[in-house]
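S.K.: Following this line is entry.csv, made up of CSV, C-alpha atoms:
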```
chain,number,residue,atom,x,y,z
A,1,MET,CA,-96.0,146.3,-35.7
A,2,ILE,CA,-92.8,144.4,-36.1
A,3,LEU,CA,-90.6,142.4,-33.9
A,4,ARG,CA,-87.1,143.8,-33.8
A,5,SER,CA,-84.4,142.1,-31.8
A,6,ILE,CA,-80.6,141.8,-32.3
A,7,GLY,CA,-79.1,139.4,-29.9
A,8,ARG,CA,-79.4,136.7,-27.4
A,9,ARG,CA,-77.9,136.2,-24.0
A,10,LEU,CA,-74.2,136.2,-24.8
A,11,PRO,CA,-71.1,135.5,-22.9
A,12,LEU,CA,-69.5,138.5,-21.2
A,13,TYR,CA,-66.8,139.0,-23.9
A,14,ALA,CA,-69.6,139.7,-26.4
A,15,LEU,CA,-71.4,142.3,-24.4
A,16,PRO,CA,-69.8,145.4,-26.0
A,17,PHE,CA,-71.3,144.4,-29.3
A,18,VAL,CA,-74.7,144.0,-27.8
A,19,ILE,CA,-74.5,147.4,-26.1
A,20,TRP,CA,-73.4,149.1,-29.3
A,21,SER,CA,-76.0,147.5,-31.5
A,22,CYS,CA,-78.8,148.1,-29.0
A,23,ASN,CA,-78.1,151.8,-28.4
A,24,ARG,CA,-77.2,152.8,-31.9
A,25,GLN,CA,-80.1,154.8,-33.2
A,26,SER,CA,-78.5,156.0,-36.4
A,27,GLU,CA,-75.8,158.5,-37.2
A,28,SER,CA,-78.4,161.2,-37.5
A,29,GLY,CA,-79.3,160.6,-33.9
A,30,ASN,CA,-82.5,160.5,-31.9
A,31,LEU,CA,-85.2,163.2,-32.1
A,32,ALA,CA,-84.6,165.8,-29.4
A,33,GLY,CA,-86.9,165.7,-26.5
A,34,SER,CA,-88.8,162.6,-27.6
A,35,GLN,CA,-86.7,159.7,-26.1
A,36,PRO,CA,-88.8,157.7,-23.6
A,37,GLU,CA,-87.5,158.0,-20.0
A,38,ALA,CA,-84.3,156.0,-19.4
A,39,ALA,CA,-84.7,154.0,-22.6
A,40,ASN,CA,-80.9,153.8,-23.2
A,41,GLU,CA,-80.2,153.0,-19.7
A,42,THR,CA,-82.7,150.1,-19.9
A,43,HIS,CA,-80.9,148.6,-22.9
A,44,VAL,CA,-77.5,148.9,-21.2
A,45,SER,CA,-78.9,147.3,-18.1
A,46,ALA,CA,-80.2,144.4,-20.2
A,47,ALA,CA,-76.9,143.8,-21.8
A,48,THR,CA,-74.7,144.1,-18.7
A,49,GLN,CA,-76.5,141.4,-16.7
A,50,ALA,CA,-73.9,138.7,-16.1
A,51,ALA,CA,-75.8,136.6,-13.7
A,52,PRO,CA,-77.5,133.5,-15.0
A,53,ALA,CA,-81.1,134.0,-16.1
A,54,PRO,CA,-83.6,132.7,-13.6
A,55,ALA,CA,-86.0,130.0,-14.8
A,56,ALA,CA,-89.7,130.7,-15.3
A,57,ASP,CA,-90.3,128.2,-12.5
A,58,ASP,CA,-89.3,131.0,-10.1
A,59,PRO,CA,-91.9,133.8,-10.8
A,60,SER,CA,-90.4,136.2,-8.2
A,61,ALA,CA,-86.9,136.0,-9.8
A,62,LEU,CA,-88.4,136.2,-13.3
A,63,ARG,CA,-90.2,139.4,-12.2
A,64,GLU,CA,-87.0,140.9,-10.8
A,65,ARG,CA,-85.2,140.2,-14.0
A,66,ALA,CA,-88.1,141.7,-16.1
A,67,LYS,CA,-88.2,144.8,-14.0
A,68,LEU,CA,-84.7,145.7,-15.1
A,69,LEU,CA,-85.9,145.7,-18.7
A,70,PHE,CA,-89.6,146.8,-18.7
A,71,LYS,CA,-91.8,149.3,-16.9
A,72,PRO,CA,-95.6,149.3,-16.4
A,73,LEU,CA,-97.5,151.5,-18.7
A,74,PRO,CA,-98.3,155.0,-17.2
A,75,ASP,CA,-101.8,156.2,-16.7
A,76,SER,CA,-101.3,158.8,-19.4
A,77,MET,CA,-98.4,159.9,-21.6
A,78,GLU,CA,-98.3,163.6,-20.8
A,79,SER,CA,-96.0,166.1,-22.4
A,80,SER,CA,-94.6,168.9,-20.1
A,81,ALA,CA,-94.6,171.2,-23.1
A,82,ARG,CA,-98.3,170.7,-23.7
A,83,PRO,CA,-100.2,170.1,-20.5
A,84,LEU,CA,-103.4,168.1,-20.9
A,85,THR,CA,-106.8,169.6,-20.0
A,86,PRO,CA,-110.3,168.0,-20.2
A,87,GLU,CA,-111.2,170.6,-22.8
A,88,LYS,CA,-108.3,169.7,-25.1
A,89,ILE,CA,-109.1,166.0,-24.7
A,90,ALA,CA,-112.8,166.5,-25.5
A,91,LEU,CA,-112.0,168.5,-28.6
A,92,GLY,CA,-109.4,166.0,-29.7
A,93,ARG,CA,-111.8,163.1,-29.3
A,94,GLN,CA,-114.3,164.9,-31.6
A,95,LEU,CA,-111.6,165.6,-34.1
A,96,TYR,CA,-110.2,162.1,-34.1
A,97,TYR,CA,-113.5,160.9,-35.5
A,98,GLU,CA,-114.1,163.9,-37.8
A,99,LYS,CA,-114.6,162.7,-41.4
A,100,ARG,CA,-115.0,166.2,-42.8
A,101,LEU,CA,-111.2,166.6,-42.4
A,102,SER,CA,-111.0,164.3,-45.4
A,103,LYS,CA,-111.7,165.4,-49.0
A,104,SER,CA,-114.3,162.7,-49.5
A,105,GLN,CA,-115.6,163.1,-46.0
A,106,GLN,CA,-115.4,159.4,-45.7
A,107,LEU,CA,-112.2,159.1,-43.7
A,108,SER,CA,-111.1,160.1,-40.2
A,109,CYS,CA,-108.1,159.3,-38.0
A,110,ASN,CA,-110.2,156.4,-36.7
A,111,SER,CA,-110.5,154.9,-40.2
A,112,CYS,CA,-106.9,153.7,-40.2
A,113,HIS,CA,-106.4,153.6,-36.4
A,114,ASP,CA,-109.7,152.1,-35.3
A,115,LEU,CA,-109.9,152.5,-31.5
A,116,SER,CA,-112.5,149.7,-31.2
A,117,ALA,CA,-109.9,147.3,-32.8
A,118,ARG,CA,-107.0,148.3,-30.6
A,119,GLY,CA,-106.0,151.1,-32.9
A,120,SER,CA,-105.3,149.1,-36.0
A,121,ASP,CA,-106.9,149.2,-39.4
A,122,VAL,CA,-109.3,146.2,-39.5
A,123,ARG,CA,-109.8,146.9,-43.2
A,124,ALA,CA,-106.2,146.1,-44.0
A,125,ARG,CA,-106.7,142.6,-42.7
A,126,GLY,CA,-109.2,141.9,-45.5
A,127,THR,CA,-107.9,144.1,-48.3
A,128,GLY,CA,-104.2,143.5,-48.1
A,129,GLN,CA,-101.1,145.0,-46.4
A,130,PHE,CA,-101.9,148.7,-46.2
A,131,SER,CA,-104.7,151.1,-45.4
A,132,GLU,CA,-107.1,152.4,-48.0
A,133,GLY,CA,-107.2,156.1,-48.4
A,134,HIS,CA,-108.7,158.7,-50.8
A,135,ARG,CA,-110.2,157.3,-54.0
A,136,GLY,CA,-109.2,153.8,-53.0
A,137,GLN,CA,-105.5,154.5,-53.0
A,138,PHE,CA,-103.1,152.5,-50.7
A,139,GLY,CA,-100.1,153.8,-48.9
A,140,GLY,CA,-96.8,152.1,-48.9
A,141,ARG,CA,-96.5,151.2,-45.2
A,142,ASN,CA,-98.6,149.4,-42.6
A,143,SER,CA,-100.7,151.6,-40.3
A,144,PRO,CA,-99.5,151.1,-36.7
A,145,THR,CA,-101.8,151.3,-33.7
A,146,SER,CA,-102.4,154.7,-32.0
A,147,TYR,CA,-102.7,153.1,-28.6
A,148,ASN,CA,-99.7,153.9,-26.4
A,149,ALA,CA,-98.1,155.6,-29.4
A,150,ALA,CA,-97.3,158.8,-27.5
A,151,LEU,CA,-94.6,156.8,-25.6
A,152,HIS,CA,-92.6,156.3,-28.8
A,153,VAL,CA,-89.3,157.9,-29.6
A,154,ALA,CA,-90.9,159.4,-32.7
A,155,GLN,CA,-93.9,158.8,-35.0
A,156,PHE,CA,-94.2,157.1,-38.4
A,157,TRP,CA,-92.0,154.1,-39.3
A,158,ASP,CA,-89.3,156.5,-40.4
A,159,GLY,CA,-89.6,158.9,-37.4
A,160,ARG,CA,-90.3,161.9,-39.5
A,161,ALA,CA,-92.7,163.4,-36.9
A,162,ALA,CA,-91.3,164.1,-33.4
A,163,ASP,CA,-94.6,163.5,-31.5
A,164,VAL,CA,-98.3,162.6,-31.8
A,165,GLU,CA,-99.2,166.3,-32.3
A,166,GLU,CA,-97.0,166.6,-35.3
A,167,GLN,CA,-98.1,163.2,-36.6
A,168,ALA,CA,-101.7,164.3,-36.6
A,169,LYS,CA,-101.1,166.8,-39.3
A,170,GLY,CA,-99.7,164.4,-41.8
A,171,PRO,CA,-102.6,162.2,-42.9
A,172,VAL,CA,-105.0,165.1,-43.2
A,173,LEU,CA,-102.9,166.6,-46.0
A,174,ASN,CA,-101.5,163.4,-47.6
A,175,PRO,CA,-103.0,163.1,-51.1
A,176,VAL,CA,-103.1,159.3,-50.6
A,177,GLU,CA,-104.8,159.4,-47.2
A,178,MET,CA,-107.3,162.1,-46.2
A,179,ALA,CA,-106.3,164.4,-49.1
A,180,LEU,CA,-107.2,167.9,-48.1
A,181,PRO,CA,-105.2,170.3,-50.3
A,182,ASP,CA,-103.8,172.5,-47.5
A,183,ALA,CA,-104.1,173.5,-43.9
A,184,ALA,CA,-106.2,176.5,-44.8
A,185,THR,CA,-108.9,174.1,-46.1
A,186,ALA,CA,-108.9,172.2,-42.9
A,187,VAL,CA,-109.4,175.4,-40.9
A,188,LYS,CA,-112.2,176.5,-43.3
A,189,VAL,CA,-114.0,173.2,-42.6
A,190,LEU,CA,-113.6,173.5,-38.8
A,191,LYS,CA,-114.8,177.1,-38.8
A,192,SER,CA,-117.8,176.3,-40.8
A,193,VAL,CA,-119.1,173.8,-38.2
A,194,PRO,CA,-120.7,176.0,-35.4
A,195,GLY,CA,-120.1,173.5,-32.7
A,196,TYR,CA,-116.4,173.7,-33.0
A,197,THR,CA,-116.2,177.4,-32.0
A,198,PRO,CA,-116.9,176.9,-28.3
A,199,LEU,CA,-114.9,173.7,-28.2
A,200,PHE,CA,-111.7,175.4,-29.5
A,201,ALA,CA,-112.3,178.5,-27.4
A,202,ALA,CA,-112.5,176.3,-24.2
A,203,ALA,CA,-109.4,174.2,-25.2
A,204,PHE,CA,-107.3,177.3,-26.1
A,205,PRO,CA,-108.6,180.1,-23.9
A,206,GLY,CA,-105.6,182.3,-24.4
A,207,ASP,CA,-105.8,182.4,-28.2
A,208,ALA,CA,-107.5,185.3,-30.0
A,209,ASP,CA,-108.2,183.0,-33.0
A,210,PRO,CA,-108.2,179.4,-31.5
A,211,ILE,CA,-109.3,177.5,-34.6
A,212,THR,CA,-106.0,176.8,-36.3
A,213,PHE,CA,-104.4,173.8,-37.9
A,214,ASP,CA,-101.7,173.6,-35.2
A,215,ASN,CA,-104.4,173.7,-32.5
A,216,MET,CA,-106.3,171.0,-34.3
A,217,ALA,CA,-103.2,168.7,-34.1
A,218,ILE,CA,-102.5,169.6,-30.5
A,219,ALA,CA,-106.0,168.6,-29.5
A,220,ILE,CA,-105.8,165.3,-31.3
A,221,GLY,CA,-102.5,164.7,-29.6
A,222,ALA,CA,-104.0,165.5,-26.2
A,223,PHE,CA,-106.7,162.8,-26.8
A,224,GLU,CA,-104.1,160.3,-28.0
A,225,ARG,CA,-101.9,160.8,-24.9
A,226,LYS,CA,-104.4,159.0,-22.8
A,227,LEU,CA,-104.9,156.1,-25.2
A,228,VAL,CA,-103.3,153.6,-22.7
A,229,THR,CA,-104.0,149.9,-22.6
A,230,LYS,CA,-102.8,148.3,-19.5
A,231,ASP,CA,-102.6,144.6,-19.5
A,232,ARG,CA,-101.7,141.5,-17.4
A,233,PHE,CA,-98.0,142.1,-17.9
A,234,ASP,CA,-98.3,145.4,-16.0
A,235,LYS,CA,-99.9,143.5,-13.1
A,236,PHE,CA,-97.1,141.0,-13.2
A,237,LEU,CA,-94.4,143.8,-13.1
A,238,GLY,CA,-96.4,145.3,-10.2
A,239,GLY,CA,-96.0,142.2,-8.1
A,240,GLU,CA,-99.1,140.1,-9.0
A,241,LEU,CA,-97.2,137.0,-9.9
A,242,THR,CA,-100.2,135.0,-10.9
A,243,ALA,CA,-101.2,137.6,-13.5
A,244,LEU,CA,-99.2,135.6,-16.1
A,245,SER,CA,-99.8,131.9,-16.4
A,246,HIS,CA,-96.9,129.5,-16.0
A,247,ASP,CA,-96.7,129.1,-19.8
A,248,GLU,CA,-96.8,132.8,-20.3
A,249,GLN,CA,-94.0,133.3,-17.8
A,250,ARG,CA,-91.9,130.7,-19.7
A,251,GLY,CA,-92.6,132.7,-22.8
A,252,LEU,CA,-91.4,135.9,-21.1
A,253,ALA,CA,-88.2,134.1,-20.2
A,254,ALA,CA,-87.8,132.9,-23.8
A,255,PHE,CA,-88.4,136.5,-25.1
A,256,MET,CA,-85.6,137.7,-22.9
A,257,ASP,CA,-83.2,134.8,-23.6
A,258,VAL,CA,-83.6,134.9,-27.3
A,259,GLY,CA,-82.6,138.6,-27.3
A,260,CYS,CA,-85.9,140.3,-28.3
A,261,VAL,CA,-85.3,142.7,-25.3
A,262,ALA,CA,-82.3,144.2,-27.0
A,263,CYS,CA,-84.8,146.4,-28.8
A,264,HIS,CA,-88.2,145.6,-27.3
A,265,SER,CA,-88.0,146.9,-23.7
A,266,GLY,CA,-89.3,149.8,-21.7
A,267,PRO,CA,-92.9,150.5,-20.9
A,268,GLY,CA,-94.0,150.0,-24.5
A,269,VAL,CA,-92.0,146.8,-25.0
A,270,GLY,CA,-90.5,148.7,-27.9
A,271,GLY,CA,-91.0,152.0,-29.5
A,272,GLY,CA,-87.9,153.6,-27.9
A,273,MET,CA,-85.3,153.4,-30.7
A,274,PHE,CA,-84.6,153.0,-34.4
A,275,GLN,CA,-82.9,149.8,-35.6
A,276,LYS,CA,-81.8,148.3,-38.9
A,277,LEU,CA,-84.1,145.8,-40.5
A,278,GLY,CA,-82.0,143.0,-41.6
A,279,LEU,CA,-79.3,143.3,-39.0
A,280,LEU,CA,-77.9,139.8,-39.4
A,281,LYS,CA,-78.7,139.4,-43.1
A,282,PRO,CA,-80.5,141.5,-45.7
A,283,TYR,CA,-84.2,141.7,-45.3
A,284,PRO,CA,-86.1,141.7,-48.7
A,285,THR,CA,-87.5,145.2,-49.0
A,286,THR,CA,-87.1,148.2,-51.3
A,287,ASP,CA,-88.3,150.6,-48.5
A,288,LEU,CA,-85.3,152.6,-47.4
A,289,GLY,CA,-86.9,153.4,-44.0
A,290,ARG,CA,-85.5,156.3,-42.1
A,291,PHE,CA,-83.4,157.4,-45.0
A,292,GLU,CA,-86.5,158.7,-46.6
A,293,ALA,CA,-86.8,161.3,-43.8
A,294,THR,CA,-83.1,162.1,-43.1
A,295,LYS,CA,-81.4,161.4,-46.5
A,296,SER,CA,-78.5,160.1,-44.4
A,297,GLU,CA,-76.8,157.0,-45.9
A,298,ALA,CA,-76.4,155.6,-42.3
A,299,ASP,CA,-80.2,155.5,-42.0
A,300,LYS,CA,-80.9,153.2,-44.9
A,301,PHE,CA,-83.2,150.3,-43.8
A,302,PHE,CA,-83.5,151.7,-40.3
A,303,PHE,CA,-87.1,151.8,-38.9
A,304,LYS,CA,-88.6,152.7,-35.6
A,305,VAL,CA,-88.8,149.7,-33.4
A,306,PRO,CA,-92.5,149.3,-32.7
A,307,SER,CA,-94.2,148.7,-29.4
A,308,LEU,CA,-95.4,145.1,-28.9
A,309,ARG,CA,-98.3,146.2,-26.7
A,310,ASN,CA,-101.5,144.7,-28.2
A,311,VAL,CA,-99.4,143.1,-30.9
A,312,ALA,CA,-101.6,139.9,-31.0
A,313,SER,CA,-104.5,142.1,-32.1
A,314,THR,CA,-102.8,144.5,-34.5
A,315,GLY,CA,-101.7,142.5,-37.5
A,316,PRO,CA,-100.6,142.4,-40.3
A,317,TYR,CA,-97.0,142.9,-39.2
A,318,PHE,CA,-93.9,144.8,-40.1
A,319,HIS,CA,-93.7,148.1,-42.0
A,320,ASP,CA,-94.6,146.2,-45.2
A,321,GLY,CA,-97.5,144.3,-43.7
A,322,SER,CA,-96.0,141.1,-45.2
A,323,LYS,CA,-96.6,138.8,-42.2
A,324,LYS,CA,-100.2,137.9,-41.4
A,325,THR,CA,-99.6,135.9,-38.3
A,326,LEU,CA,-97.7,136.5,-35.1
A,327,HIS,CA,-96.0,133.2,-35.4
A,328,GLU,CA,-94.6,134.2,-38.8
A,329,ALA,CA,-93.5,137.6,-37.4
A,330,VAL,CA,-91.7,136.1,-34.4
A,331,ALA,CA,-89.9,133.5,-36.5
A,332,THR,CA,-88.9,136.0,-39.2
A,333,MET,CA,-87.5,138.5,-36.7
A,334,ALA,CA,-85.5,135.9,-34.9
A,335,GLU,CA,-84.0,134.9,-38.3
A,336,TYR,CA,-83.1,138.4,-39.5
A,337,GLN,CA,-82.5,140.3,-36.2
A,338,THR,CA,-81.1,137.9,-33.6
A,339,ALA,CA,-77.8,136.1,-33.2
A,340,LYS,CA,-79.6,132.9,-32.5
A,341,GLY,CA,-81.3,132.9,-35.9
A,342,GLN,CA,-83.7,130.0,-36.4
A,343,LEU,CA,-86.1,129.3,-33.5
A,344,SER,CA,-87.8,125.9,-32.9
A,345,GLY,CA,-91.6,125.7,-33.2
A,346,ALA,CA,-91.8,125.3,-29.5
A,347,GLU,CA,-89.8,128.5,-28.9
A,348,VAL,CA,-91.9,130.5,-31.3
A,349,GLU,CA,-95.1,129.2,-29.7
A,350,SER,CA,-93.8,130.1,-26.2
A,351,ILE,CA,-92.9,133.6,-27.2
A,352,VAL,CA,-96.3,134.1,-28.9
A,353,LEU,CA,-98.0,133.0,-25.7
A,354,PHE,CA,-96.3,135.8,-23.8
A,355,LEU,CA,-97.0,138.3,-26.5
A,356,ASN,CA,-100.7,137.5,-26.2
A,357,ALA,CA,-100.5,138.6,-22.6
A,358,LEU,CA,-99.7,142.1,-23.9
A,359,THR,CA,-103.2,142.6,-25.1
A,360,GLY,CA,-104.5,145.4,-23.0
A,361,ASP,CA,-107.9,146.7,-21.9
A,362,ILE,CA,-109.6,149.2,-24.2
A,363,PRO,CA,-110.8,152.3,-22.3
A,364,ALA,CA,-114.3,151.9,-23.8
A,365,ASP,CA,-115.8,155.1,-22.2
A,366,TYR,CA,-112.9,157.2,-23.2
A,367,VAL,CA,-112.8,156.2,-26.8
A,368,ARG,CA,-116.6,156.1,-27.4
A,369,GLU,CA,-117.3,157.8,-30.7
A,370,PRO,CA,-119.0,161.1,-30.2
A,371,THR,CA,-122.0,162.3,-32.2
A,372,PRO,CA,-120.8,164.4,-35.3
A,373,LEU,CA,-121.4,168.1,-34.9
A,374,PRO,CA,-123.9,169.6,-37.3
A,375,GLY,CA,-122.5,171.5,-40.2
A,376,SER,CA,-123.8,174.8,-41.7
A,377,PRO,CA,-124.6,176.0,-45.2
A,378,SER,CA,-120.9,177.1,-45.6
A,379,THR,CA,-119.5,173.7,-44.7
A,380,PRO,CA,-117.7,172.3,-47.8
A,381,LYS,CA,-119.3,169.4,-49.5
A,382,ALA,CA,-117.7,166.0,-50.0
A,383,ASP,CA,-115.4,165.9,-53.0
A,384,ALA,CA,-114.6,162.4,-54.4
A,385,SER,CA,-112.3,163.7,-57.2
```
Translate this file's structure into structure tokens.
M.R.:
Amino acid sequence: MILRSIGRRLPLYALPFVIWSCNRQSESGNLAGSQPEAANETHVSAATQAAPAPAADDPSALRERAKLLFKPLPDSMESSARPLTPEKIALGRQLYYEKRLSKSQQLSCNSCHDLSARGSDVRARGTGQFSEGHRGQFGGRNSPTSYNAALHVAQFWDGRAADVEEQAKGPVLNPVEMALPDAATAVKVLKSVPGYTPLFAAAFPGDADPITFDNMAIAIGAFERKLVTKDRFDKFLGGELTALSHDEQRGLAAFMDVGCVACHSGPGVGGGMFQKLGLLKPYPTTDLGRFEATKSEADKFFFKVPSLRNVASTGPYFHDGSKKTLHEAVATMAEYQTAKGQLSGAEVESIVLFLNALTGDIPADYVREPTPLPGSPSTPKADAS
């Protein structure tokens, strides 16, 4: 996770710059069909408010202001192109925890996106900045949470996958992560486990040969599309004014006043756009961001703006995992991304109080780990090489 923001509440003459900087994704554009509903309109609405900001001492007015920028989380993040069914979700849950989809048979989706830890990699908190994959290798970017991820404009920090279904394919075949050599090997594994045959048949009843690599990813995506963590901020937006404490309401006001909302808005409180890291001054990184996916010069140092839902529980922060505490992350983003720059300790503390209120409820029954399906004599053995 990373706090991306580019402005503060500016006088009216400065608004065109705010609108331009908020809505500029990159010259290569947004990924078709994956923009969260009305995300750009939300950014424009935020920038074009000329009325004075109501104080946090008026909860009703604060809520009205917040409603222009944010939306409550939906019950699920469905795709019209891929309707959800109970059968797809049940299969996807099984596959999300399936360690035989890794070469060593020690890693699953849940290893780097632990659903009991709000979708983050608890191992990275103790071992360093990144997730540990096959043969103890480490990737070059921090693993984001899988909760609420289907809301995002795209997947991965550089947006190279259009949706959670496409994203699910990547780690399985990545030699640093789960390290299967090819899609055919994944299919061989799945077909060798007798229990998967009826699950795939039920999830994809129209397919003559339902156990495919694409269907594996579609099922995992179906499961992830209901990984929603509603929190007290949703209740506040819905009209329960006491859902946030007085201090948290003041933190929300500070979050908006400093300009964090220029990029962190919508239902995910982020996740809806790409933005340059180091907008006000160069950020110390050698990672070229979205350029790695598009090869467009205009995309250098652009990254997907992450959602701040559950941010207090999903450190370390930023694509490089360089910040261990939320206080550090808030202060750094203000310095590099906002026109205000340096924040006082009190301002940082106030914003952090609000961000803690974005810690949502884990759907414990939905994410409960299923019993692994028994293999067969033809199931490939673990390979640690």
S.K.: Using only C-alpha atoms, determine which residues lie at most 8 Å from Ala168 (chain A), disregarding the query and same-chain residues fewer than 6 positions distant; provide the list as number ranges by chain.
M.R.: A: 217, 220-221
S.K.: Measure the distance from CA of Phe200 (chain A) to CA of Arg93 (chain A) in Å and round it to one decimal.
M.R.: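 Spanning CA of Phe200 (chain A) to CA of Arg93 (chain A) is a straight-line distance of 12.3 Å.
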S.K.: Mind running region 296-349 of chain A against region 100-115 of chain A at 12 Å and telling me each contacting residue's nearest atom pair with the distance in Å (one decimal), counting all atoms listed in the file, chain and number ascending, as a Markdown table?
M.R.:
```
| residue | atom | partner | partner_atom | distance |
| --- | --- | --- | --- | --- |
| A:Asn310 | CA | A:Leu115 | CA | 11.9 |
| A:Ser313 | CA | A:Asp114 | CA | 11.7 |
| A:Thr314 | CA | A:His113 | CA | 10.0 |
```
S.K.: I'd like to know which of A:Leu84, A:Ile211, A:Ala298, A:Ala203 is closest to Lys188 (chain A), using all atoms listed in the file.
M.R.: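 Closest to Lys188 (chain A), using all atoms listed in the file: A:Ile211.
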S.K.: Rounded to one decimal place, report the CA of Leu180 (chain A)-CA of Leu91 (chain A) distance in Å.
M.R.: 20.1 Å
S.K.: Which one of A:Asp163, A:Glu98, A:Glu248, A:Asp299 sits closest to Glu224 (chain A) if you count only C-alpha atoms?
M.R.: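 Using only C-alpha atoms, Glu224 (chain A) sits closest to A:Asp163.
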S.K.: Which one of A:Pro198, A:Gly251, A:Pro144, A:Pro372 sits closest to Pro316 (chain A) if you count only C-alpha atoms?
M.R.: A:Pro144
S.K.: Please identify all polymer residues lying at most 6 Å from the point (-108.2, 163.7, -31.6) (file coordinates), using all atoms listed in the file, and present the result as a list of chain:residue names.
M.R.: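 Answer for this query, in the requested form: A:Gly92, A:Arg93, A:Leu95, A:Tyr96, A:Ala219, A:Ile220, A:Phe223.
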S.K.: Take region 186-200 of chain A, bring it up to N, CA and C atoms, and give me the output as a tab-separated table (two decimals), in the frame of the given file.
M.R.:
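Result file selection-v1.tsv:
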```
chain	number	residue	atom	x	y	z
A	186	ALA	N	-108.51	172.83	-44.11
A	186	ALA	CA	-108.90	172.20	-42.90
A	186	ALA	C	-109.51	173.22	-41.90
A	187	VAL	N	-108.88	174.37	-41.81
A	187	VAL	CA	-109.40	175.40	-40.90
A	187	VAL	C	-110.74	175.93	-41.40
A	188	LYS	N	-110.90	176.05	-42.71
A	188	LYS	CA	-112.20	176.50	-43.30
A	188	LYS	C	-113.29	175.51	-42.90
A	189	VAL	N	-113.01	174.22	-42.98
A	189	VAL	CA	-114.00	173.20	-42.60
A	189	VAL	C	-114.38	173.36	-41.14
A	190	LEU	N	-113.37	173.47	-40.27
A	190	LEU	CA	-113.60	173.50	-38.80
A	190	LEU	C	-114.40	174.79	-38.45
A	191	LYS	N	-114.07	175.90	-39.08
A	191	LYS	CA	-114.80	177.10	-38.80
A	191	LYS	C	-116.20	177.16	-39.30
A	192	SER	N	-116.47	176.30	-40.27
A	192	SER	CA	-117.80	176.30	-40.80
A	192	SER	C	-118.78	175.42	-39.99
A	193	VAL	N	-118.25	174.68	-39.03
A	193	VAL	CA	-119.10	173.80	-38.20
A	193	VAL	C	-119.28	174.60	-36.84
A	194	PRO	N	-120.46	175.15	-36.59
A	194	PRO	CA	-120.70	176.00	-35.40
A	194	PRO	C	-120.24	175.40	-34.10
A	195	GLY	N	-120.43	174.12	-33.93
A	195	GLY	CA	-120.10	173.50	-32.70
A	195	GLY	C	-118.65	173.48	-32.30
A	196	TYR	N	-117.79	173.68	-33.28
A	196	TYR	CA	-116.40	173.70	-33.00
A	196	TYR	C	-115.90	175.01	-32.35
A	197	THR	N	-116.61	176.09	-32.58
A	197	THR	CA	-116.20	177.40	-32.00
A	197	THR	C	-116.07	177.38	-30.53
A	198	PRO	N	-117.08	176.94	-29.78
A	198	PRO	CA	-116.90	176.90	-28.30
A	198	PRO	C	-115.92	175.86	-27.84
A	199	LEU	N	-115.80	174.74	-28.57
A	199	LEU	CA	-114.90	173.70	-28.20
A	199	LEU	C	-113.42	174.19	-28.27
A	200	PHE	N	-113.07	174.83	-29.37
A	200	PHE	CA	-111.70	175.40	-29.50
A	200	PHE	C	-111.46	176.51	-28.55
```
